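Raw contents of structure22.cif, mmCIF, C-alpha atoms:
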```cif
data_final
loop_
_atom_site.label_atom_id
_atom_site.label_comp_id
_atom_site.auth_asym_id
_atom_site.auth_seq_id
_atom_site.Cartn_x
_atom_site.Cartn_y
_atom_site.Cartn_z
CA MET A 1 -80.74 6.47 23.26
CA GLN A 2 -81.82 7.96 19.97
CA LYS A 3 -84.01 11.01 19.53
CA TYR A 4 -87.33 10.41 17.82
CA ASN A 5 -88.11 11.48 14.28
CA THR A 6 -91.46 13.30 14.44
CA SER A 7 -91.67 14.74 10.93
CA GLY A 8 -95.12 13.18 10.46
CA SER A 9 -96.43 15.14 13.44
CA LYS A 10 -95.01 18.37 12.05
CA LYS A 11 -96.61 17.88 8.64
CA LEU A 12 -100.00 16.89 10.05
CA TYR A 13 -100.01 19.90 12.37
CA GLU A 14 -99.05 22.33 9.59
CA ASP A 15 -101.78 20.94 7.33
CA THR A 16 -104.41 21.07 10.08
CA CYS A 17 -103.63 24.70 10.91
CA ASN A 18 -105.35 25.56 7.62
CA TYR A 19 -108.69 24.29 8.95
CA LEU A 20 -108.57 24.14 12.77
CA VAL A 21 -107.87 27.17 14.97
CA ASP A 22 -104.25 26.92 16.14
CA GLY A 23 -104.16 23.38 14.74
CA VAL A 24 -105.43 21.86 18.03
CA SER A 25 -108.82 21.53 19.73
CA SER A 26 -107.68 23.09 23.03
CA SER A 27 -104.98 25.53 24.06
CA PHE A 28 -103.75 22.78 26.40
CA HIS A 29 -102.86 20.55 23.44
CA LYS A 30 -99.85 22.50 22.24
CA ALA A 31 -97.30 24.00 24.62
CA ALA A 32 -96.16 27.55 23.94
CA VAL A 33 -92.56 26.30 23.73
CA GLU A 34 -93.35 23.64 21.11
CA GLU A 35 -92.87 24.26 17.40
CA TYR A 36 -95.58 21.67 16.82
CA PRO A 37 -97.41 19.17 19.04
CA ILE A 38 -96.77 15.46 18.84
CA CYS A 39 -99.75 14.00 16.99
CA MET A 40 -100.93 10.74 18.51
CA ASN A 41 -102.42 7.82 16.63
CA TYR A 42 -103.45 5.49 19.47
CA ALA A 43 -102.75 4.64 23.10
CA LYS A 44 -102.85 1.62 25.39
CA GLY A 45 -102.15 1.37 29.10
CA SER A 46 -99.43 3.83 30.09
CA LYS A 47 -98.19 4.27 26.52
CA MET A 48 -99.07 6.51 23.57
CA TYR A 49 -98.02 6.03 19.92
CA ASP A 50 -97.58 8.90 17.48
CA VAL A 51 -98.20 9.10 13.74
CA ASP A 52 -94.53 8.26 13.12
CA GLY A 53 -94.81 5.06 15.17
CA ASN A 54 -92.86 6.31 18.22
CA GLU A 55 -93.79 5.04 21.67
CA TYR A 56 -94.15 7.36 24.68
CA ILE A 57 -94.51 6.67 28.39
CA ASP A 58 -97.27 9.12 29.23
CA TYR A 59 -97.58 11.25 32.39
CA VAL A 60 -100.02 13.78 30.91
CA GLY A 61 -103.00 11.48 31.28
CA GLY A 62 -105.23 13.54 29.02
CA PHE A 63 -104.52 16.38 31.51
CA GLY A 64 -105.90 14.26 34.32
CA PRO A 65 -108.81 12.02 33.29
CA MET A 66 -106.89 8.86 32.36
CA ILE A 67 -106.49 7.45 35.86
CA LEU A 68 -107.00 3.88 34.57
CA GLY A 69 -104.64 4.41 31.65
CA TYR A 70 -105.62 4.23 27.99
CA ALA A 71 -108.07 1.76 26.45
CA ASN A 72 -108.74 0.02 29.77
CA GLU A 73 -110.50 -3.19 28.77
CA SER A 74 -113.07 -3.34 31.57
CA LEU A 75 -113.92 0.33 31.14
CA ASN A 76 -114.31 -0.10 27.38
CA ARG A 77 -116.55 -3.11 27.97
CA ALA A 78 -118.79 -1.15 30.36
CA VAL A 79 -119.11 1.66 27.83
CA LYS A 80 -119.77 -0.75 24.95
CA ASP A 81 -122.50 -2.48 26.94
CA GLN A 82 -124.18 0.85 27.56
CA LEU A 83 -123.85 1.93 23.92
CA GLU A 84 -125.77 -1.17 22.89
CA ARG A 85 -128.60 -0.05 25.21
CA GLY A 86 -128.49 3.58 24.09
CA SER A 87 -126.12 6.52 24.43
CA HIS A 88 -128.40 9.38 25.49
CA PHE A 89 -131.88 9.36 27.03
CA SER A 90 -132.39 12.77 28.70
CA THR A 91 -134.07 11.13 31.68
CA LEU A 92 -133.31 9.42 34.97
CA THR A 93 -131.83 5.93 34.67
CA PRO A 94 -131.10 3.22 37.26
CA SER A 95 -127.37 3.67 36.67
CA LEU A 96 -127.58 7.43 37.32
CA ALA A 97 -129.41 6.77 40.57
CA GLN A 98 -126.72 4.24 41.51
CA LEU A 99 -123.87 6.64 40.73
CA SER A 100 -125.47 9.52 42.63
CA LYS A 101 -125.85 7.40 45.76
CA LYS A 102 -122.34 5.99 45.41
CA LEU A 103 -120.77 9.44 45.21
CA CYS A 104 -122.69 10.55 48.31
CA ASP A 105 -121.36 7.46 50.10
CA ILE A 106 -117.67 8.00 49.28
CA ILE A 107 -117.20 11.80 49.26
CA PRO A 108 -117.21 13.41 52.73
CA CYS A 109 -119.07 16.64 51.83
CA ALA A 110 -121.54 15.01 49.44
CA GLU A 111 -125.08 14.93 50.80
CA MET A 112 -126.42 15.66 47.32
CA VAL A 113 -124.91 15.87 43.83
CA SER A 114 -125.57 17.53 40.47
CA PHE A 115 -123.91 16.72 37.17
CA GLN A 116 -122.38 18.70 34.35
CA SER A 117 -120.09 17.80 31.46
CA SER A 118 -116.86 19.70 32.16
CA GLY A 119 -114.94 21.26 35.02
CA THR A 120 -115.64 24.74 33.67
CA GLU A 121 -119.40 24.12 33.65
CA ALA A 122 -119.32 22.65 37.15
CA ASN A 123 -117.46 25.67 38.49
CA MET A 124 -119.91 28.02 36.79
CA HIS A 125 -122.72 26.14 38.53
CA VAL A 126 -121.07 26.13 41.95
CA PHE A 127 -120.51 29.90 41.76
CA ARG A 128 -124.22 30.34 41.07
CA VAL A 129 -125.26 27.96 43.86
CA ALA A 130 -123.04 29.74 46.40
CA ARG A 131 -124.52 33.12 45.46
CA ALA A 132 -128.08 31.84 45.49
CA PHE A 133 -127.71 30.27 48.93
CA THR A 134 -125.92 33.18 50.63
CA GLY A 135 -127.52 36.10 48.81
CA LYS A 136 -124.01 37.56 48.40
CA GLN A 137 -122.10 38.10 45.17
CA LYS A 138 -118.34 38.07 45.64
CA ILE A 139 -116.13 35.00 45.30
CA VAL A 140 -112.57 34.78 46.65
CA LYS A 141 -110.07 32.87 44.51
CA PHE A 142 -106.31 32.41 44.82
CA GLU A 143 -103.43 33.48 42.61
CA GLY A 144 -102.41 30.85 40.10
CA GLN A 145 -105.45 28.63 40.62
CA TYR A 146 -107.56 27.59 37.64
CA HIS A 147 -111.31 27.03 37.86
CA GLY A 148 -112.23 26.94 34.19
CA TRP A 149 -112.17 29.15 31.11
CA ALA A 150 -115.38 31.18 31.63
CA ASP A 151 -115.01 34.95 31.87
CA GLU A 152 -115.11 35.33 35.65
CA GLN A 153 -113.09 32.17 36.28
CA LYS A 154 -110.04 32.76 34.11
CA ILE A 155 -108.61 35.59 36.22
CA THR A 156 -105.05 35.60 37.61
CA ILE A 157 -104.51 32.00 36.63
CA SER A 158 -100.94 32.73 35.57
CA ALA A 159 -98.40 35.52 35.19
CA SER A 160 -95.20 36.01 33.22
CA LYS A 161 -93.32 37.64 36.10
CA LEU A 162 -93.75 38.29 39.81
CA GLU A 163 -94.32 42.03 39.39
CA ASP A 164 -97.48 41.36 37.37
CA LEU A 165 -99.22 40.08 40.50
CA GLY A 166 -99.04 43.44 42.27
CA ASP A 167 -98.94 44.00 46.01
CA VAL A 168 -99.79 41.10 48.34
CA SER A 169 -102.38 43.21 50.13
CA SER A 170 -104.16 44.10 46.88
CA PRO A 171 -103.24 41.62 44.11
CA SER A 172 -103.78 42.40 40.45
CA ARG A 173 -106.69 40.85 38.58
CA LEU A 174 -105.14 39.52 35.40
CA PHE A 175 -107.20 38.32 32.45
CA GLY A 176 -106.33 34.96 30.93
CA THR A 177 -107.36 35.59 27.32
CA ALA A 178 -108.43 38.22 24.85
CA GLY A 179 -112.15 38.97 24.72
CA GLN A 180 -112.90 38.68 28.43
CA ARG A 181 -115.23 41.42 29.65
CA GLN A 182 -113.70 43.77 32.23
CA GLU A 183 -116.81 43.74 34.41
CA THR A 184 -116.62 39.97 34.86
CA CYS A 185 -113.89 40.37 37.45
CA ASP A 186 -115.84 42.91 39.55
CA ASP A 187 -117.13 40.20 41.89
CA ILE A 188 -113.87 38.22 42.07
CA ILE A 189 -111.42 38.91 44.90
CA ILE A 190 -107.85 37.68 44.39
CA THR A 191 -105.54 36.75 47.27
CA PRO A 192 -102.31 34.74 47.77
CA TRP A 193 -102.58 31.09 48.81
CA ASN A 194 -101.22 29.46 52.00
CA ASN A 195 -101.55 32.72 53.98
CA LEU A 196 -104.12 32.58 56.76
CA GLU A 197 -103.27 36.04 58.06
CA THR A 198 -104.11 37.65 54.72
CA MET A 199 -107.32 35.61 54.52
CA ARG A 200 -108.43 36.69 57.99
CA GLU A 201 -107.85 40.35 57.14
CA LEU A 202 -109.77 39.94 53.89
CA LEU A 203 -112.76 38.31 55.60
CA GLU A 204 -112.81 40.84 58.43
CA LYS A 205 -113.25 43.63 55.89
CA ASN A 206 -115.41 41.94 53.27
CA ALA A 207 -117.27 38.91 54.66
CA HIS A 208 -120.60 40.75 54.44
CA GLU A 209 -120.38 40.64 50.61
CA ILE A 210 -118.47 37.35 50.09
CA ALA A 211 -120.49 34.28 49.13
CA ALA A 212 -117.63 31.79 49.05
CA VAL A 213 -113.93 31.07 49.03
CA ILE A 214 -112.94 28.60 46.31
CA THR A 215 -109.62 26.76 46.38
CA GLU A 216 -107.78 23.83 44.94
CA PRO A 217 -107.07 21.89 48.15
CA TYR A 218 -103.77 20.85 46.60
CA MET A 219 -102.77 23.58 44.17
CA CYS A 220 -102.03 21.65 40.98
CA ASP A 221 -102.57 23.95 38.04
CA GLU A 222 -99.59 26.25 38.65
CA GLY A 223 -97.00 24.75 40.91
CA PRO A 224 -97.90 22.18 42.09
CA ILE A 225 -98.06 23.45 45.67
CA MET A 226 -99.17 21.56 48.77
CA PRO A 227 -101.13 23.32 51.50
CA GLN A 228 -99.00 24.35 54.47
CA PRO A 229 -99.65 22.30 57.63
CA GLY A 230 -102.90 23.57 59.15
CA TYR A 231 -103.78 25.80 56.18
CA LEU A 232 -106.89 23.95 54.99
CA GLU A 233 -108.03 23.50 58.57
CA GLY A 234 -107.52 27.24 59.08
CA LEU A 235 -109.52 28.07 55.95
CA ARG A 236 -112.34 25.87 57.17
CA LYS A 237 -112.38 27.57 60.58
CA LEU A 238 -112.22 31.12 59.16
CA THR A 239 -114.99 30.61 56.60
CA GLU A 240 -117.25 29.14 59.27
CA GLU A 241 -116.42 32.01 61.64
CA TYR A 242 -117.31 34.66 59.06
CA GLY A 243 -120.33 32.94 57.49
CA VAL A 244 -118.71 32.28 54.12
CA LEU A 245 -118.98 29.03 52.15
CA LEU A 246 -115.85 26.99 51.48
CA ILE A 247 -115.60 25.34 48.06
CA PHE A 248 -112.96 22.76 47.12
CA ASP A 249 -112.23 22.58 43.40
CA GLU A 250 -111.36 18.90 43.10
CA VAL A 251 -111.47 18.71 39.30
CA ILE A 252 -107.82 17.59 39.47
CA THR A 253 -107.53 16.07 42.94
CA GLY A 254 -110.81 14.17 42.89
CA PHE A 255 -110.20 10.39 42.87
CA ARG A 256 -106.46 11.01 42.42
CA LEU A 257 -105.51 11.62 46.06
CA ALA A 258 -108.16 9.30 47.48
CA LEU A 259 -111.50 7.85 46.44
CA GLY A 260 -113.15 10.63 48.44
CA GLY A 261 -110.84 13.26 47.00
CA ALA A 262 -108.49 15.68 48.73
CA GLN A 263 -111.07 16.28 51.42
CA GLU A 264 -110.69 12.65 52.49
CA TYR A 265 -106.90 12.77 52.04
CA PHE A 266 -106.46 15.91 54.16
CA GLY A 267 -109.39 15.32 56.50
CA VAL A 268 -111.01 18.72 55.85
CA THR A 269 -114.64 18.86 54.68
CA PRO A 270 -115.82 21.86 52.62
CA ASP A 271 -119.40 23.02 52.12
CA LEU A 272 -119.30 22.36 48.37
CA SER A 273 -116.97 20.58 45.97
CA VAL A 274 -116.42 20.35 42.23
CA PHE A 275 -115.21 17.10 40.64
CA GLY A 276 -114.27 16.29 37.04
CA LYS A 277 -111.44 14.78 34.96
CA ALA A 278 -110.76 11.37 36.57
CA ILE A 279 -114.37 10.85 37.70
CA ALA A 280 -115.22 8.90 34.54
CA GLY A 281 -111.82 7.58 33.46
CA GLY A 282 -111.61 9.59 30.25
CA PHE A 283 -115.27 10.30 29.46
CA SER A 284 -116.88 13.71 29.79
CA LEU A 285 -118.46 14.11 33.21
CA SER A 286 -118.23 16.60 36.06
CA MET A 287 -120.09 17.13 39.28
CA VAL A 288 -120.92 19.57 42.05
CA CYS A 289 -121.64 18.11 45.46
CA GLY A 290 -122.18 19.39 48.97
CA LYS A 291 -124.60 19.98 51.81
CA LYS A 292 -128.19 19.24 50.89
CA GLU A 293 -129.58 22.58 52.03
CA ILE A 294 -127.10 24.40 49.76
CA MET A 295 -127.35 22.11 46.75
CA LYS A 296 -131.14 22.38 46.59
CA VAL A 297 -131.07 26.09 45.71
CA GLY A 298 -129.66 25.52 42.23
CA HIS A 299 -130.91 23.18 39.53
CA PRO A 300 -128.40 22.58 36.71
CA SER A 301 -129.26 22.58 33.01
CA GLY A 302 -127.43 20.91 30.15
CA THR A 303 -128.32 18.56 27.34
CA PHE A 304 -125.39 16.21 27.90
CA ASN A 305 -125.23 16.21 31.71
CA ALA A 306 -124.47 12.67 32.92
CA THR A 307 -125.16 10.73 29.75
CA PRO A 308 -125.62 7.00 30.31
CA VAL A 309 -122.24 6.38 28.66
CA ALA A 310 -120.42 8.74 31.05
CA VAL A 311 -122.31 7.26 34.00
CA ALA A 312 -121.32 3.72 33.02
CA ALA A 313 -117.70 4.86 32.74
CA ALA A 314 -117.82 6.53 36.16
CA LEU A 315 -119.27 3.48 37.88
CA GLU A 316 -116.59 1.24 36.36
CA THR A 317 -113.82 3.72 37.21
CA ILE A 318 -114.92 3.81 40.84
CA ARG A 319 -115.20 0.01 40.94
CA GLN A 320 -111.60 -0.34 39.82
CA LEU A 321 -110.27 2.36 42.12
CA GLU A 322 -111.97 0.61 45.06
CA THR A 323 -109.72 -2.41 44.54
CA PRO A 324 -107.66 -2.84 47.74
CA GLY A 325 -104.11 -1.55 47.38
CA THR A 326 -104.80 0.81 44.48
CA TYR A 327 -103.76 4.00 46.25
CA GLU A 328 -100.85 2.29 47.99
CA LYS A 329 -99.58 1.28 44.55
CA PHE A 330 -99.94 4.85 43.33
CA GLN A 331 -97.88 6.08 46.26
CA ALA A 332 -95.18 3.44 45.82
CA LEU A 333 -94.77 4.24 42.12
CA GLY A 334 -94.88 7.97 42.84
CA ASN A 335 -92.18 7.64 45.49
CA ARG A 336 -90.01 5.61 43.11
CA LEU A 337 -90.36 8.31 40.45
CA ALA A 338 -89.82 11.26 42.78
CA ASN A 339 -86.82 9.71 44.50
CA GLY A 340 -85.23 8.80 41.17
CA LEU A 341 -85.69 12.30 39.77
CA THR A 342 -84.34 13.89 42.95
CA GLU A 343 -81.25 11.68 43.15
CA THR A 344 -80.50 12.20 39.46
CA GLY A 345 -80.68 15.94 39.96
CA LYS A 346 -78.22 15.71 42.84
CA LYS A 347 -75.87 13.60 40.73
CA PHE A 348 -75.58 16.39 38.16
CA GLY A 349 -75.77 19.31 40.58
CA VAL A 350 -79.20 20.42 39.33
CA LYS A 351 -81.72 21.70 41.85
CA ILE A 352 -84.78 19.45 41.67
CA TYR A 353 -87.83 19.25 43.88
CA ALA A 354 -89.84 16.11 43.21
CA THR A 355 -92.49 14.46 45.32
CA ALA A 356 -95.64 12.39 44.93
CA ASN A 357 -99.07 12.34 46.50
CA ARG A 358 -100.85 9.18 45.45
CA SER A 359 -101.42 9.46 41.68
CA ILE A 360 -100.18 13.05 41.34
CA GLY A 361 -96.42 13.48 40.96
CA GLN A 362 -94.54 16.74 41.02
CA LEU A 363 -91.35 17.99 39.37
CA GLN A 364 -89.93 21.49 39.77
CA THR A 365 -86.55 22.81 38.72
CA GLY A 366 -84.39 25.52 40.24
CA VAL A 367 -85.66 24.76 43.75
CA ASP A 368 -85.00 21.91 46.17
CA TYR A 369 -87.79 22.74 48.62
CA PRO A 370 -91.61 22.80 48.47
CA VAL A 371 -92.63 26.27 47.30
CA LYS A 372 -95.20 28.10 49.41
CA ASP A 373 -97.36 29.89 46.85
CA PHE A 374 -97.57 31.13 43.26
CA ARG A 375 -95.36 34.13 44.03
CA ASP A 376 -92.68 31.78 45.36
CA CYS A 377 -92.94 29.82 42.08
CA LEU A 378 -92.54 32.88 39.90
CA ALA A 379 -89.61 34.15 41.91
CA ASN A 380 -87.65 30.91 42.25
CA VAL A 381 -88.73 28.07 39.97
CA ASP A 382 -86.61 27.77 36.82
CA TYR A 383 -89.34 27.51 34.19
CA SER A 384 -86.82 27.80 31.36
CA LEU A 385 -84.97 24.69 32.52
CA TYR A 386 -88.23 22.81 33.11
CA ASN A 387 -89.48 23.55 29.60
CA GLN A 388 -86.11 22.47 28.20
CA LEU A 389 -86.59 19.17 30.05
CA PHE A 390 -90.15 18.94 28.72
CA LEU A 391 -88.97 19.26 25.12
CA ARG A 392 -86.04 16.88 25.49
CA MET A 393 -87.98 14.22 27.37
CA THR A 394 -90.50 14.22 24.54
CA GLU A 395 -87.64 13.63 22.07
CA TYR A 396 -86.70 10.49 24.01
CA GLY A 397 -90.19 9.10 24.51
CA ILE A 398 -91.36 10.52 27.84
CA ARG A 399 -94.47 12.71 27.75
CA ILE A 400 -94.92 15.25 30.58
CA THR A 401 -96.88 18.49 30.89
CA SER A 402 -95.14 21.73 29.94
CA ALA A 403 -94.48 24.44 32.55
CA ARG A 404 -96.81 23.06 35.22
CA GLY A 405 -94.70 20.26 36.70
CA ARG A 406 -97.56 17.78 37.15
CA LEU A 407 -96.94 14.09 36.53
CA TYR A 408 -100.09 11.97 36.40
CA LEU A 409 -99.87 8.28 37.23
CA SER A 410 -102.42 5.66 36.23
CA THR A 411 -103.21 2.14 37.34
CA ALA A 412 -101.45 1.02 34.13
CA HIS A 413 -98.04 2.46 35.02
CA THR A 414 -95.32 0.02 36.07
CA GLU A 415 -91.96 0.09 37.82
CA ALA A 416 -90.36 -0.47 34.41
CA ASP A 417 -92.03 2.72 33.16
CA ILE A 418 -90.63 4.63 36.12
CA ASP A 419 -87.12 3.24 35.67
CA GLN A 420 -87.11 4.09 31.96
CA THR A 421 -88.28 7.62 32.78
CA ILE A 422 -85.43 8.11 35.25
CA ALA A 423 -82.92 6.75 32.71
CA VAL A 424 -84.13 9.29 30.14
CA PHE A 425 -83.96 12.05 32.75
CA GLU A 426 -80.34 11.11 33.50
CA GLN A 427 -79.49 11.09 29.79
CA ILE A 428 -80.93 14.59 29.35
CA LEU A 429 -79.16 16.04 32.38
CA SER A 430 -75.89 14.58 31.15
CA GLU A 431 -76.40 16.36 27.82
CA ILE A 432 -77.33 19.66 29.44
CA LYS A 433 -74.37 19.60 31.83
#
```

Mind converting the file's structure to structure tokens?
Amino acid sequence: MQKYNTSGSKKLYEDTCNYLVDGVSSSFHKAAVEEYPICMNYAKGSKMYDVDGNEYIDYVGGFGPMILGYANESLNRAVKDQLERGSHFSTLTPSLAQLSKKLCDIIPCAEMVSFQSSGTEANMHVFRVARAFTGKQKIVKFEGQYHGWADEQKITISASKLEDLGDVSSPSRLFGTAGQRQETCDDIIITPWNNLETMRELLEKNAHEIAAVITEPYMCDEGPIMPQPGYLEGLRKLTEEYGVLLIFDEVITGFRLALGGAQEYFGVTPDLSVFGKAIAGGFSLSMVCGKKEIMKVGHPSGTFNATPVAVAAALETIRQLETPGTYEKFQALGNRLANGLTETGKKFGVKIYATANRSIGQLQTGVDYPVKDFRDCLANVDYSLYNQLFLRMTEYGIRITSARGRLYLSTAHTEADIDQTIAVFEQILSEIK
């Protein structure tokens, strides 16, 4: 195997830094450990091609949306057909009515839906809906979970060391970026995940002022971390007992774990849910859904909410995901990847925890067990080794996310892709050892 020459990416990035803040359009697009990002020219299926002509097997998936892979022909055709009829009407259309009904049919909690354009906007809306319905102001969120970049959302989404999180009984509220207003965290309560005892104590003391508890049902942003057996069921029971709404943030898990999201996969139905990313196969669309009596209290605004193009993409994405065997194929490919990574780690005496849940794969270094919460990650996961793997895999044509450990599969991935990925992983471990 030969390492890629990416000098074209370096030059393009350096030139662009003169005109574009940080040289990228999102902080997600360049990892902190990268000297420069790989600049892509085009993509097809499970592969991406950079400006130097190098080919990459991609597990970033546009940070989640590309569940059908890149340049899916049927999806492109559906979008093209809509473009020929018009891209933006600012009115109800037959296709929007069709999509709204379809989502209510397939998502367990969805009695009614509302649309936005991004996960951040949808989470902003669901916070407002929860407060309007309950008449209470505070929202409980969990350490290490991301619900968007707005001021009151981007709190304790990450930490550089365990001590930054403070005491378990009274966790620190950490800001995610410069310029956030201090008062925006006044109505946000932070607590560790996967701990029902702590949640019960919190609700006993504060339920009278808590509108909702929001959680990723499968914690994917920092981790990833699966819910402990009975945890989601326990959250559902506690929130009902104390008169607090339960919100699932399914921006990542929606359509990736099951057509009806994590709530279908785990069999736990929240009061409200937020969907985004994979909902439209790479086009900008997000959604809040939930019980009709709750949803009716808040009417969303937004010029580009559910454009006909995004709606056409969503309908085609759902149509393809409904194909029998789709999620079984995801699981089979995920198992092949996770098992290969795990066995390769054992071969070289490197602690690896890898697993797969449908189209979401997981890779963590320094541990060989499923971590319990974000504190467990900070204390035990070897982020330095993981980021070394991230950089080296990129050099050999495998694209994964930095730090986070998420591996997104698409319907375009093949067994050959998985086997090549494992071969690269083995090559890298042999060099490190």

With range 401-424 of chain A as the partner and 8 Å as the cut-off, tabulate the residues of range 258-366 of chain A that qualify, each row holding the nearest pair of atoms and their distance in Å to one decimal, using all atoms listed in the file, sorted by chain and rising number, as JSON lines.
```
{"residue": "A:Thr326", "atom": "CA", "partner": "A:Thr411", "partner_atom": "CA", "distance": 7.4}
{"residue": "A:Phe330", "atom": "CA", "partner": "A:Leu409", "partner_atom": "CA", "distance": 7.0}
{"residue": "A:Leu333", "atom": "CA", "partner": "A:Glu415", "partner_atom": "CA", "distance": 6.6}
{"residue": "A:Gly334", "atom": "CA", "partner": "A:Leu409", "partner_atom": "CA", "distance": 7.5}
{"residue": "A:Arg336", "atom": "CA", "partner": "A:Ile418", "partner_atom": "CA", "distance": 7.1}
{"residue": "A:Leu337", "atom": "CA", "partner": "A:Ile418", "partner_atom": "CA", "distance": 5.7}
{"residue": "A:Gly340", "atom": "CA", "partner": "A:Ile422", "partner_atom": "CA", "distance": 6.0}
{"residue": "A:Leu341", "atom": "CA", "partner": "A:Ile422", "partner_atom": "CA", "distance": 6.2}
{"residue": "A:Thr344", "atom": "CA", "partner": "A:Ile422", "partner_atom": "CA", "distance": 7.7}
{"residue": "A:Ser359", "atom": "CA", "partner": "A:Leu409", "partner_atom": "CA", "distance": 4.9}
{"residue": "A:Ile360", "atom": "CA", "partner": "A:Tyr408", "partner_atom": "CA", "distance": 5.1}
{"residue": "A:Gly361", "atom": "CA", "partner": "A:Leu407", "partner_atom": "CA", "distance": 4.5}
{"residue": "A:Gln362", "atom": "CA", "partner": "A:Arg406", "partner_atom": "CA", "distance": 5.0}
{"residue": "A:Leu363", "atom": "CA", "partner": "A:Gly405", "partner_atom": "CA", "distance": 4.8}
{"residue": "A:Gln364", "atom": "CA", "partner": "A:Gly405", "partner_atom": "CA", "distance": 5.8}
```

Enter the distance from CA of Gln145 in chain A to CA of Pro217 in chain A, in Å, rounded to one decimal. 10.2 Å

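If you apply the PyMOL selection byres ((chain A and resi 305) around 7) to this structure, you end up with A:Phe115, A:Gln116, A:Ser117, A:Gly302, A:Thr303, A:Phe304, A:Ala306, A:Thr307.
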
For Leu196 in chain A, list every protein, DNA or RNA residue within 7 Å, evaluated using only C-alpha atoms, and leave out those in the same chain fewer than 3 positions away; present the list as a ChimeraX atom specification. /A:199-200,231,234

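A straight line drawn from CA of Leu257 in chain A to CA of Ile294 in chain A is 25.4 Å long.
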
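Proximity ranking of A:Arg128, A:Ile190, A:Met48, A:Val309 relative to Ser90 in chain A places A:Val309 first, based on only C-alpha atoms.
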
Which residues of range 157-274 of chain A come within 12 Å of range 22-38 of chain A, and for each one, what is the closest pair of atoms and their distance in Å to one decimal, counting all atoms listed in the file, sorted by chain and residue number, as CSV?
```
residue,atom,partner,partner_atom,distance
A:Gly176,CA,A:Ser27,CA,11.7
A:Thr177,CA,A:Ser27,CA,10.8
A:Asp221,CA,A:Phe28,CA,11.8
```

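Relative to CA of Phe63 in chain A, CA of Lys161 in chain A is found at 24.5 Å.
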
Determine the residue set returned by the PyMOL selection byres ((chain A and resi 192) around 6) for the present structure, and present it as a VMD selection string. chain A and resid 142 to 143 191 193

Write to file, as an mmCIF file, keeping the file's coordinate frame, the residues of the selection just made, with C-alpha atoms.
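As written to disk, result.cif reads:
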```
data_model
loop_
_atom_site.group_PDB
_atom_site.id
_atom_site.type_symbol
_atom_site.label_atom_id
_atom_site.label_comp_id
_atom_site.auth_asym_id
_atom_site.auth_seq_id
_atom_site.Cartn_x
_atom_site.Cartn_y
_atom_site.Cartn_z
ATOM 1 C CA PHE A 142 -106.310 32.410 44.820
ATOM 2 C CA GLU A 143 -103.430 33.480 42.610
ATOM 3 C CA THR A 191 -105.540 36.750 47.270
ATOM 4 C CA TRP A 193 -102.580 31.090 48.810
#
```

Residue members of the PyMOL selection byres ((chain A and resi 262) around 10) in the file shown, as a PyMOL selection string: chain A and resi 107-108+216-218+248-250+252-261+263-269

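Nearest residue to Thr184 in chain A, choosing from A:Lys154, A:Lys292, A:Lys44, A:Lys346 and counting all atoms listed in the file: A:Lys154.
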